[in-house]
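> Have a peek at input-v2.cif (mmCIF, C-alpha atoms and all ligand atoms).
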data_coords
#
loop_
_atom_site.label_atom_id
_atom_site.label_comp_id
_atom_site.auth_asym_id
_atom_site.auth_seq_id
_atom_site.Cartn_x
_atom_site.Cartn_y
_atom_site.Cartn_z
CA MET A 185 99.60 93.75 130.10
CA SER A 186 100.47 90.58 128.21
CA GLU A 187 99.38 90.45 124.64
CA VAL A 188 96.55 88.06 123.84
CA THR A 189 96.76 86.34 120.47
CA GLN A 190 93.47 85.51 118.80
CA THR A 191 92.82 82.62 116.52
CA PHE A 192 91.63 83.78 113.11
CA ARG A 193 89.73 81.78 110.57
CA PRO A 194 91.97 79.56 108.49
CA GLY A 195 92.96 81.17 105.21
CA LEU A 196 92.59 84.75 106.45
CA GLU A 197 96.37 85.04 106.56
CA ARG A 198 96.33 84.87 102.76
CA VAL A 199 93.87 87.74 102.44
CA ALA A 200 95.18 91.27 101.89
CA ALA A 201 92.71 94.02 102.79
CA TYR A 202 91.18 95.83 99.82
CA ARG A 203 93.47 98.59 98.60
CA ALA A 204 91.57 101.73 97.62
CA GLY A 205 92.73 104.16 94.94
CA LYS A 206 95.34 106.56 96.30
CA PRO A 207 94.44 110.14 97.07
CA ALA A 208 96.22 112.54 94.72
CA PRO A 209 99.39 114.32 95.81
CA VAL A 210 99.53 118.09 95.41
CA GLY A 211 101.18 118.95 92.09
CA PRO A 212 103.52 121.85 91.24
CA ASP A 213 100.54 124.07 90.36
CA GLY A 214 98.85 123.34 93.70
CA ARG A 215 96.24 121.05 92.16
CA SER A 216 95.64 117.43 93.08
CA ILE A 217 93.92 115.23 90.54
CA LYS A 218 92.54 111.89 91.71
CA LEU A 219 92.19 109.50 88.80
CA SER A 220 92.73 106.29 90.75
CA SER A 221 89.22 105.01 91.58
CA ASN A 222 87.11 105.37 88.41
CA GLU A 223 84.90 107.91 90.10
CA ASN A 224 82.63 110.37 88.35
CA PRO A 225 84.41 113.74 88.21
CA TYR A 226 81.16 115.68 88.46
CA PRO A 227 79.20 116.57 91.59
CA PRO A 228 75.70 115.06 92.00
CA LEU A 229 72.96 116.73 89.95
CA PRO A 230 71.18 119.65 91.67
CA ALA A 231 67.93 117.62 91.77
CA VAL A 232 69.71 114.85 93.65
CA VAL A 233 71.33 117.28 96.10
CA ALA A 234 67.95 118.98 96.64
CA ARG A 235 66.29 115.66 97.43
CA LEU A 236 69.06 114.75 99.84
CA ALA A 237 68.72 118.10 101.62
CA GLU A 238 64.97 117.57 101.89
CA VAL A 239 65.16 114.10 103.45
CA LEU A 240 68.32 114.59 105.52
CA PRO A 241 66.58 115.74 108.74
CA HIS A 242 64.34 112.65 108.67
CA SER A 243 66.99 110.15 107.58
CA ILE A 244 69.53 109.97 110.33
CA SER A 245 67.87 108.91 113.56
CA ARG A 246 65.71 106.15 112.07
CA TYR A 247 66.78 102.95 110.39
CA PRO A 248 66.25 102.85 106.64
CA SER A 249 63.74 100.51 105.06
CA ILE A 250 65.42 97.17 104.42
CA ALA A 251 63.01 96.41 101.58
CA ALA A 252 63.76 99.82 100.01
CA GLU A 253 60.35 99.65 98.34
CA GLU A 254 60.63 102.86 96.37
CA LEU A 255 64.07 102.17 94.91
CA THR A 256 63.28 98.52 94.23
CA GLY A 257 60.04 99.54 92.51
CA ALA A 258 61.83 102.18 90.42
CA LEU A 259 64.47 99.67 89.32
CA ALA A 260 61.86 97.03 88.52
CA ALA A 261 60.01 99.55 86.34
CA ARG A 262 63.24 100.76 84.72
CA PHE A 263 64.29 97.27 83.63
CA ASP A 264 60.84 95.69 83.30
CA VAL A 265 61.59 92.95 85.82
CA ALA A 266 59.77 91.90 89.00
CA ALA A 267 60.68 93.55 92.30
CA ASP A 268 61.52 90.01 93.43
CA ASN A 269 64.36 89.96 90.92
CA ILE A 270 66.17 92.83 92.63
CA ALA A 271 68.59 92.65 95.56
CA LEU A 272 70.36 95.71 96.94
CA GLY A 273 73.63 96.25 98.74
CA ALA A 274 75.95 98.95 100.04
CA GLY A 275 77.60 99.25 96.64
CA SER A 276 77.74 96.45 94.10
CA VAL A 277 80.82 95.19 95.92
CA GLU A 278 78.54 94.23 98.80
CA VAL A 279 76.19 92.50 96.39
CA ALA A 280 79.17 90.60 94.93
CA ALA A 281 80.02 89.48 98.48
CA GLN A 282 76.37 88.45 99.01
CA LEU A 283 76.49 86.33 95.85
CA ILE A 284 79.63 84.55 97.02
CA HIS A 285 78.26 83.98 100.53
CA ALA A 286 74.89 82.78 99.26
CA LEU A 287 76.23 80.37 96.65
CA THR A 288 79.49 78.92 97.91
CA ALA A 289 80.49 76.52 100.66
CA PRO A 290 84.12 76.39 101.79
CA GLY A 291 86.21 74.84 99.03
CA ASP A 292 83.80 75.74 96.22
CA GLU A 293 85.30 77.61 93.30
CA VAL A 294 84.54 81.10 92.03
CA MET A 295 86.00 81.94 88.63
CA PHE A 296 86.88 85.26 87.08
CA ALA A 297 89.30 86.61 84.52
CA TRP A 298 92.57 88.05 85.72
CA ARG A 299 93.40 90.78 85.86
CA SER A 300 89.94 92.02 86.80
CA PHE A 301 88.22 93.81 89.70
CA GLU A 302 90.56 93.55 92.67
CA ALA A 303 87.82 92.79 95.16
CA TYR A 304 86.86 89.43 93.57
CA PRO A 305 89.73 87.31 94.99
CA ILE A 306 89.47 89.04 98.37
CA LEU A 307 85.74 88.43 98.72
CA VAL A 308 86.12 84.82 97.57
CA ARG A 309 88.90 84.03 100.06
CA VAL A 310 87.07 85.75 102.91
CA ALA A 311 84.12 83.44 102.23
CA GLY A 312 86.40 80.38 102.40
CA ALA A 313 85.88 79.66 98.71
CA VAL A 314 88.63 79.19 96.15
CA PRO A 315 89.38 81.88 93.54
CA VAL A 316 90.08 80.52 90.06
CA GLU A 317 91.76 83.18 87.93
CA VAL A 318 91.80 82.68 84.16
CA PRO A 319 94.31 84.97 82.40
CA LEU A 320 93.02 87.60 79.98
CA ASP A 321 94.07 87.01 76.38
CA ALA A 322 96.83 88.92 74.57
CA GLU A 323 94.36 91.72 73.77
CA HIS A 324 93.53 92.16 77.49
CA ARG A 325 90.08 90.61 76.90
CA HIS A 326 88.23 87.81 78.69
CA ASP A 327 89.24 84.40 77.32
CA LEU A 328 85.75 82.91 77.61
CA PRO A 329 86.64 79.58 75.93
CA ALA A 330 89.44 79.10 78.49
CA MET A 331 87.04 80.05 81.28
CA ALA A 332 84.47 77.51 80.07
CA ALA A 333 87.21 74.87 79.95
CA ALA A 334 88.23 75.67 83.54
CA ILE A 335 84.76 74.98 85.01
CA THR A 336 84.78 72.02 87.42
CA ASP A 337 82.20 70.30 89.65
CA ARG A 338 83.19 72.78 92.37
CA THR A 339 82.51 75.89 90.27
CA ARG A 340 79.52 77.75 91.68
CA LEU A 341 79.93 81.24 90.28
CA VAL A 342 81.65 82.93 87.35
CA PHE A 343 82.12 86.70 87.27
CA VAL A 344 82.29 88.24 83.80
CA CYS A 345 83.32 91.86 84.31
CA ASN A 346 82.01 93.71 81.28
CA PRO A 347 83.55 96.19 80.56
CA ASN A 348 86.50 94.76 82.44
CA ASN A 349 88.19 96.69 85.22
CA PRO A 350 91.09 97.62 84.74
CA THR A 351 91.47 96.94 81.00
CA GLY A 352 88.22 98.52 79.70
CA THR A 353 87.75 95.66 77.25
CA VAL A 354 84.39 94.01 76.49
CA VAL A 355 83.16 90.61 75.43
CA THR A 356 80.82 90.40 72.44
CA ALA A 357 77.24 89.15 72.62
CA ALA A 358 78.23 86.21 70.37
CA GLU A 359 81.10 85.28 72.69
CA LEU A 360 78.86 85.41 75.75
CA GLU A 361 76.22 83.36 73.95
CA ALA A 362 78.80 80.68 73.03
CA PHE A 363 80.06 80.72 76.64
CA MET A 364 76.56 80.29 78.10
CA ALA A 365 76.06 77.24 75.88
CA LEU A 366 79.01 75.61 77.70
CA VAL A 367 78.17 76.62 81.27
CA PRO A 368 76.18 74.10 83.32
CA ARG A 369 72.85 75.54 84.50
CA ASP A 370 73.80 75.10 88.17
CA VAL A 371 76.69 77.56 87.77
CA LEU A 372 75.61 81.20 88.12
CA VAL A 373 77.20 83.63 85.67
CA VAL A 374 77.37 87.15 87.10
CA VAL A 375 77.77 89.86 84.50
CA ASP A 376 79.30 92.74 86.43
CA GLU A 377 78.20 95.82 84.50
CA ALA A 378 79.59 98.51 86.81
CA TYR A 379 80.75 100.46 83.74
CA VAL A 380 78.00 99.54 81.28
CA HIS A 381 76.84 103.12 80.71
CA PHE A 382 80.19 103.96 79.12
CA ASP A 383 80.16 101.04 76.68
CA ARG A 384 79.71 102.10 73.04
CA ALA A 385 80.81 98.85 71.37
CA ALA A 386 78.15 97.76 68.89
CA GLU A 387 78.73 94.06 69.60
CA SER A 388 78.38 94.29 73.37
CA PRO A 389 75.84 92.09 75.10
CA SER A 390 73.08 93.55 77.24
CA GLY A 391 73.32 91.71 80.54
CA ILE A 392 69.59 92.24 81.12
CA ASP A 393 68.74 90.58 77.78
CA PHE A 394 70.86 87.61 78.78
CA PHE A 395 69.19 87.57 82.21
CA ARG A 396 65.81 87.28 80.45
CA ARG A 397 67.01 84.40 78.31
CA PHE A 398 69.10 82.26 80.67
CA PRO A 399 68.04 80.94 84.09
CA ASN A 400 71.59 81.17 85.46
CA ILE A 401 72.50 84.79 84.80
CA ALA A 402 72.62 87.65 87.29
CA VAL A 403 73.58 91.22 86.46
CA LEU A 404 75.40 93.58 88.83
CA HIS A 405 74.88 97.33 88.56
CA THR A 406 76.05 100.26 90.64
CA PHE A 407 75.14 103.87 91.24
CA SER A 408 78.83 104.65 91.91
CA LYS A 409 80.09 105.27 88.39
CA ALA A 410 77.83 106.86 85.76
CA TYR A 411 75.44 108.13 88.46
CA GLY A 412 78.25 109.56 90.58
CA LEU A 413 77.06 108.30 93.97
CA ALA A 414 80.20 106.37 94.99
CA GLY A 415 80.25 107.97 98.42
CA LEU A 416 76.68 106.95 99.24
CA ARG A 417 77.17 103.21 98.58
CA VAL A 418 74.34 101.65 96.63
CA GLY A 419 74.36 98.87 94.06
CA TYR A 420 72.07 96.01 93.07
CA ALA A 421 71.74 92.68 91.37
CA ILE A 422 69.06 91.72 88.91
CA ALA A 423 68.88 87.99 89.46
CA PRO A 424 66.58 84.96 89.28
CA THR A 425 64.05 85.17 92.14
CA ASP A 426 65.59 82.33 94.16
CA VAL A 427 69.02 83.95 93.90
CA ALA A 428 67.68 87.41 94.82
CA GLU A 429 65.89 85.90 97.83
CA ALA A 430 69.13 84.21 98.96
CA LEU A 431 70.97 87.52 98.58
CA ARG A 432 68.47 89.22 100.87
CA LYS A 433 69.15 86.53 103.50
CA VAL A 434 72.90 87.12 103.56
CA ALA A 435 72.68 90.91 103.20
CA ILE A 436 73.87 93.00 106.12
CA PRO A 437 70.71 94.50 107.62
CA PHE A 438 70.22 98.24 106.97
CA ALA A 439 73.46 98.53 104.93
CA VAL A 440 71.82 100.78 102.33
CA SER A 441 71.06 104.07 104.05
CA ARG A 442 67.93 106.08 103.43
CA LEU A 443 70.09 108.82 101.88
CA ALA A 444 71.56 106.32 99.45
CA GLN A 445 68.10 105.01 98.55
CA GLU A 446 66.70 108.51 98.00
CA ALA A 447 69.69 109.62 95.91
CA ALA A 448 69.39 106.52 93.77
CA VAL A 449 65.66 107.10 93.15
CA ALA A 450 66.31 110.75 92.29
CA SER A 451 69.15 109.72 89.95
CA LEU A 452 66.94 107.28 88.08
CA ALA A 453 64.45 110.12 87.58
CA ALA A 454 67.26 112.31 86.20
CA GLU A 455 68.73 109.68 83.91
CA ALA A 456 68.65 111.88 80.79
CA GLU A 457 70.85 114.52 82.42
CA LEU A 458 73.22 111.87 83.76
CA ASP A 459 73.43 110.30 80.31
CA ALA A 460 74.53 113.65 78.87
CA ARG A 461 77.42 113.70 81.35
CA VAL A 462 78.30 110.13 80.43
CA GLU A 463 78.44 111.20 76.77
CA ASP A 464 80.93 113.91 77.72
CA MET A 465 83.07 111.37 79.55
CA VAL A 466 82.95 109.01 76.55
CA ALA A 467 84.12 111.86 74.29
CA GLU A 468 86.87 112.73 76.77
CA ARG A 469 87.93 109.08 76.81
CA ALA A 470 88.41 109.20 73.04
CA ARG A 471 90.36 112.46 73.28
CA LEU A 472 92.63 111.18 76.06
CA THR A 473 93.25 107.81 74.39
CA ALA A 474 94.11 109.43 71.04
CA ALA A 475 96.51 111.89 72.68
CA LEU A 476 98.27 109.15 74.65
CA LEU A 477 98.62 106.93 71.58
CA ALA A 478 99.92 109.86 69.53
CA ALA A 479 102.60 110.42 72.18
CA GLY A 480 103.65 106.77 71.94
CA VAL A 481 102.00 105.58 75.16
CA PRO A 482 100.45 102.13 74.88
CA ALA A 483 96.74 102.68 75.64
CA VAL A 484 94.06 100.02 75.22
CA PRO A 485 90.85 101.33 73.62
CA SER A 486 88.36 101.36 76.49
CA GLU A 487 84.59 101.04 76.88
CA ALA A 488 84.70 102.24 80.50
CA ASN A 489 85.49 105.49 82.35
CA PHE A 490 89.20 104.72 82.53
CA VAL A 491 92.04 103.76 80.21
CA TRP A 492 94.49 100.91 80.71
CA LEU A 493 98.14 101.50 79.94
CA PRO A 494 99.82 98.08 79.69
CA VAL A 495 103.33 99.32 80.41
CA GLY A 496 104.52 96.20 82.26
CA ASP A 497 107.58 96.95 84.37
CA GLY A 498 107.17 100.63 83.58
CA ALA A 499 104.10 100.80 85.85
CA ALA A 500 105.87 102.25 88.88
CA GLY A 501 107.73 104.81 86.75
CA VAL A 502 104.56 105.91 84.97
CA ALA A 503 102.72 106.30 88.27
CA ALA A 504 105.64 108.33 89.64
CA ALA A 505 105.68 110.59 86.55
CA LEU A 506 101.97 111.27 87.09
CA GLU A 507 102.39 111.85 90.82
CA GLU A 508 105.07 114.46 90.16
CA ARG A 509 102.33 116.36 88.35
CA GLY A 510 99.80 115.94 91.16
CA ILE A 511 97.91 113.09 89.47
CA SER A 512 97.15 109.78 91.16
CA ALA A 513 96.39 106.75 88.98
CA ARG A 514 96.20 103.07 89.83
CA ALA A 515 99.43 101.17 89.23
CA PHE A 516 99.61 97.38 89.14
CA ALA A 517 103.27 96.45 89.56
CA GLY A 518 104.72 94.76 86.51
CA GLU A 519 101.44 95.02 84.59
CA GLY A 520 100.26 98.51 83.90
CA VAL A 521 98.54 101.66 85.04
CA ARG A 522 94.84 102.50 84.99
CA VAL A 523 93.93 106.16 84.57
CA SER A 524 90.34 107.23 85.23
CA ILE A 525 88.67 109.74 82.94
CA GLY A 526 88.39 113.04 84.77
CA ASP A 527 86.87 116.36 83.80
CA PRO A 528 88.41 118.07 80.74
CA THR A 529 91.00 120.04 82.70
CA GLU A 530 92.06 116.93 84.60
CA ASN A 531 92.38 115.03 81.33
CA ASP A 532 94.41 117.94 79.94
CA ALA A 533 96.84 117.43 82.81
CA VAL A 534 97.25 113.76 81.85
CA ILE A 535 97.69 114.72 78.20
CA GLY A 536 100.29 117.26 79.29
CA ALA A 537 102.15 114.41 80.97
CA ALA A 538 101.93 112.13 77.90
CA ALA A 539 105.58 112.57 76.85
CA ALA A 540 106.76 111.86 80.40
CA ILE A 541 104.48 108.80 80.56
CA ALA A 542 105.89 107.54 77.27
CA ALA A 543 109.44 108.03 78.54
CA ALA A 544 108.70 106.22 81.82
CA ALA A 545 106.85 103.41 80.05
CA THR A 546 109.90 102.08 78.28
N1 LIG A 601 82.46 96.03 90.00
C1 LIG A 601 83.50 96.58 89.38
C2 LIG A 601 83.95 95.97 88.11
C3 LIG A 601 84.14 97.69 89.92
O1 LIG A 601 85.21 98.20 89.30
C4 LIG A 601 83.66 98.24 91.12
C5 LIG A 601 84.29 99.45 91.77
N2 LIG A 601 85.54 99.80 91.49
C6 LIG A 601 82.57 97.63 91.72
C7 LIG A 601 81.99 96.53 91.14
C8 LIG A 601 82.04 98.09 93.02
O2 LIG A 601 81.56 99.36 93.03
P1 LIG A 601 80.55 99.84 94.14
O3 LIG A 601 80.72 98.95 95.32
O4 LIG A 601 80.95 101.23 94.43
O5 LIG A 601 79.19 99.70 93.56
#
For this file, produce the structure as structure tokens.


Amino acid sequence: MSEVTQTFRPGLERVAAYRAGKPAPVGPDGRSIKLSSNENPYPPLPAVVARLAEVLPHSISRYPSIAAEELTGALAARFDVAADNIALGAGSVEVAAQLIHALTAPGDEVMFAWRSFEAYPILVRVAGAVPVEVPLDAEHRHDLPAMAAAITDRTRLVFVCNPNNPTGTVVTAAELEAFMALVPRDVLVVVDEAYVHFDRAAESPSGIDFFRRFPNIAVLHTFSKAYGLAGLRVGYAIAPTDVAEALRKVAIPFAVSRLAQEAAVASLAAEAELDARVEDMVAERARLTAALLAAGVPAVPSEANFVWLPVGDGAAGVAAALEERGISARAFAGEGVRVSIGDPTENDAVIGAAAAIAAAAT
């Protein structure tokens, strides 16, 4: 049979498919420790599992509710916003894609800091829009003045990833305020708060407060990180009503399963217990960071559930040293390695590798 060659949309040749965090290799002690995707190391709460078990028999053969009334209502109550301000997706990555599809025409620009969440440039190119990457500053933080200066007539959206993936750094409320004063009102600023629950910096902005004060702010949240539901795929935007309505138009119908909706509702009801786990992860982050620094590993103080090691050309060597011990982390060639916070024994394994990481880093 002769091979048929299809014609793909222009620009797709420049798109690399999203690269997920590697599974962990098996280490010398038979363990494999996956610290490459910023997941929650803990299983879902018993109340969430119980709810899933209860609804499972009724959740598979029927389509889920597209309006997701219960979850939308619970989120509206939680944040004191209107249900009309909420748009859901199969993970916040789908909502980010919705934002790009709803707001950009081919050739329009979408700005974000770089390095930041790897999906941004992929989603932007897939939509036919143009990614504009503004380098982080020397402290691995957003350079908001440079981002404001890079806005053009074609800029439609700006993602501010706070805390930033993979560096764990945050902007301050004062910096975001100064930035908003420079952003034209017809440019939507999306504060991606995937890791907001882990942020303990006193100066950090609350995206929701900014949403209440500015007509051109949307906030992205996910149930994948602090709430530990990465495998169920549910995230949302809190956005101006016209934006949220546009997101619902471009959303993939039925993308958020009934199981995901139910688990999210049950998680919101169990927020206090989830917060206690987040506190443990924040304490573990401090322990891991201090141990790495003490061993001479460059580690950037983080407000997220991962730590960035800016080891430059040592990235591949550091990742290899971890893999030898059955630990997978996320290496960015020539830049650094991101290590997610695991449970205490997993973090112990990373701390045990600190001397080897320091040796490979140089
Ligand atoms: N935003 C940021 C900054 C992320 O790091 C991630 C996941 N790695 C997401 C959004 C998407 O997460 P999800 O689709 O699981 O909600």

> Write out as a PyMOL selection string each polymer residue (protein, DNA or RNA) that has an atom no more than 6 Å from ligand LIG 601 (chain A), with all atoms listed in the file counted.

chain A and resi 275-277+301+345+349+376+378+406+408+414+417+419

> Between A:Leu458, A:Leu196, A:Leu255, A:Val373, single out the one closest to Ile284 (chain A), counting only C-alpha atoms.

A:Val373

> I'd like to know which of A:Pro424, A:Pro485, A:Pro194, A:Gly520 is closest to Leu283 (chain A), using all atoms listed in the file.

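Smallest separation from Leu283 (chain A) among the options: A:Pro424.
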
> Would you compute the distance between CA of Asp337 (chain A) and CA of Met364 (chain A)? Give it in Å to one decimal.

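Computing the Euclidean distance for CA of Asp337 (chain A) and CA of Met364 (chain A) yields 16.3 Å.
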
> Go through A:Glu446, A:Glu361, A:Asp497, A:Glu468 one by one, measure the shortest atom-to-atom distance of each to Val233 (chain A) using all atoms listed in the file, and give the residue with the smallest value.

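Using all atoms listed in the file, the shortest distance to Val233 (chain A) belongs to A:Glu446.
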
> Do you know which residues are at most 10 Å from Ala286 (chain A) counting only C-alpha atoms, after dropping those on the same chain fewer than 4 positions away, and could you put them as a ChimeraX atom specification?

/A:280-282,311,427-435

> Since we have the selection now, will you write its residues out, keeping C-alpha atoms, as a PDB file, in the coordinates of the input?


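Result file is part12.pdb:
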ATOM      1  CA  ALA A 280      79.170  90.600  94.930  1.00  0.00           C
ATOM      2  CA  ALA A 281      80.020  89.480  98.480  1.00  0.00           C
ATOM      3  CA  GLN A 282      76.370  88.450  99.010  1.00  0.00           C
ATOM      4  CA  ALA A 311      84.120  83.440 102.230  1.00  0.00           C
ATOM      5  CA  VAL A 427      69.020  83.950  93.900  1.00  0.00           C
ATOM      6  CA  ALA A 428      67.680  87.410  94.820  1.00  0.00           C
ATOM      7  CA  GLU A 429      65.890  85.900  97.830  1.00  0.00           C
ATOM      8  CA  ALA A 430      69.130  84.210  98.960  1.00  0.00           C
ATOM      9  CA  LEU A 431      70.970  87.520  98.580  1.00  0.00           C
ATOM     10  CA  ARG A 432      68.470  89.220 100.870  1.00  0.00           C
ATOM     11  CA  LYS A 433      69.150  86.530 103.500  1.00  0.00           C
ATOM     12  CA  VAL A 434      72.900  87.120 103.560  1.00  0.00           C
ATOM     13  CA  ALA A 435      72.680  90.910 103.200  1.00  0.00           C
TER      14      ALA A 435
END

> With only C-alpha atoms as the atoms that count, which of A:Asn346, A:Thr529, A:Asn269, A:Thr189 lies nearest to Arg396 (chain A)?

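Of all the options, A:Asn269 lies closest to Arg396 (chain A).
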
> Could you please give me, as a ChimeraX atom specification, the residues of protein, DNA or RNA lying at most 7 Å from (83.3, 114.7, 87.5) in the coordinate frame of the file, considering only C-alpha atoms?

/A:224-227,526-527

> I'd like the neighbourhood of Glu507 (chain A) as a PDB file with C-alpha atoms, in the coordinates of the input, where a residue qualifies if any of its atoms comes within 10 Å (using all atoms listed in the file), though same-chain residues fewer than 2 positions away should be ignored.


ATOM      1  CA  ALA A 208      96.220 112.540  94.720  1.00  0.00           C
ATOM      2  CA  PRO A 209      99.390 114.320  95.810  1.00  0.00           C
ATOM      3  CA  VAL A 210      99.530 118.090  95.410  1.00  0.00           C
ATOM      4  CA  GLY A 211     101.180 118.950  92.090  1.00  0.00           C
ATOM      5  CA  SER A 216      95.640 117.430  93.080  1.00  0.00           C
ATOM      6  CA  ILE A 217      93.920 115.230  90.540  1.00  0.00           C
ATOM      7  CA  LYS A 218      92.540 111.890  91.710  1.00  0.00           C
ATOM      8  CA  GLY A 501     107.730 104.810  86.750  1.00  0.00           C
ATOM      9  CA  VAL A 502     104.560 105.910  84.970  1.00  0.00           C
ATOM     10  CA  ALA A 503     102.720 106.300  88.270  1.00  0.00           C
ATOM     11  CA  ALA A 504     105.640 108.330  89.640  1.00  0.00           C
ATOM     12  CA  ALA A 505     105.680 110.590  86.550  1.00  0.00           C
ATOM     13  CA  ARG A 509     102.330 116.360  88.350  1.00  0.00           C
ATOM     14  CA  GLY A 510      99.800 115.940  91.160  1.00  0.00           C
ATOM     15  CA  ILE A 511      97.910 113.090  89.470  1.00  0.00           C
ATOM     16  CA  SER A 512      97.150 109.780  91.160  1.00  0.00           C
ATOM     17  CA  ALA A 513      96.390 106.750  88.980  1.00  0.00           C
TER      18      ALA A 513
END

> Using all atoms listed in the file, which of the listed residues (A:Pro212, A:Phe407, A:Leu366, A:Arg325) sits closest to Glu508 (chain A)?

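Closest candidate: A:Pro212.
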
> In Å, how far is it from CA of Asp532 (chain A) to CA of Asn489 (chain A)?

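Pair CA of Asp532 (chain A) / CA of Asn489 (chain A) returns 15.5 Å.
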
> So which residues fall inside 10 Å of (75.7, 78.3, 87.5) if we count all atoms listed in the file? Mind giving them as a list in words?

Leu287, Ile335, Thr339, Arg340, Leu341, Val342, Met364, Val367, Pro368, Arg369, Asp370, Val371, Leu372, Val373, Val374, Pro399, Asn400, Ile401 and Ala402 of chain A

> Closest to Ser486 (chain A) among A:Ala456, A:Ala251, A:Val449, A:Met465, using all atoms listed in the file?

A:Met465

> Missing atoms in region 497-511 of chain A should be modelled up to N, CA and C atoms and reported as a compact mmCIF listing (two decimals), in the frame of the given file.


# COMPACT_ATOMS: atom_id res chain seq x y z
N ASP A 497 106.67 96.52 83.30
CA ASP A 497 107.58 96.95 84.37
C ASP A 497 107.70 98.47 84.47
N GLY A 498 107.16 99.17 83.49
CA GLY A 498 107.17 100.63 83.58
C GLY A 498 106.08 101.18 84.48
N ALA A 499 105.26 100.31 85.09
CA ALA A 499 104.10 100.80 85.85
C ALA A 499 104.49 101.77 86.96
N ALA A 500 105.50 101.39 87.75
CA ALA A 500 105.87 102.25 88.88
C ALA A 500 106.39 103.60 88.38
N GLY A 501 107.18 103.57 87.30
CA GLY A 501 107.73 104.81 86.75
C GLY A 501 106.64 105.71 86.19
N VAL A 502 105.67 105.12 85.52
CA VAL A 502 104.56 105.91 84.97
C VAL A 502 103.76 106.55 86.11
N ALA A 503 103.48 105.76 87.14
CA ALA A 503 102.72 106.30 88.27
C ALA A 503 103.49 107.45 88.92
N ALA A 504 104.81 107.27 89.02
CA ALA A 504 105.64 108.33 89.64
C ALA A 504 105.63 109.60 88.78
N ALA A 505 105.70 109.42 87.45
CA ALA A 505 105.68 110.59 86.55
C ALA A 505 104.36 111.35 86.71
N LEU A 506 103.27 110.61 86.89
CA LEU A 506 101.97 111.27 87.09
C LEU A 506 101.93 111.96 88.45
N GLU A 507 102.43 111.27 89.46
CA GLU A 507 102.39 111.85 90.82
C GLU A 507 103.18 113.16 90.90
N GLU A 508 104.29 113.20 90.18
CA GLU A 508 105.07 114.46 90.16
C GLU A 508 104.22 115.62 89.67
N ARG A 509 103.22 115.31 88.89
CA ARG A 509 102.33 116.36 88.35
C ARG A 509 101.02 116.45 89.13
N GLY A 510 100.99 115.83 90.31
CA GLY A 510 99.80 115.94 91.16
C GLY A 510 98.65 115.05 90.73
N ILE A 511 98.97 113.98 89.97
CA ILE A 511 97.91 113.09 89.47
C ILE A 511 98.10 111.70 90.08
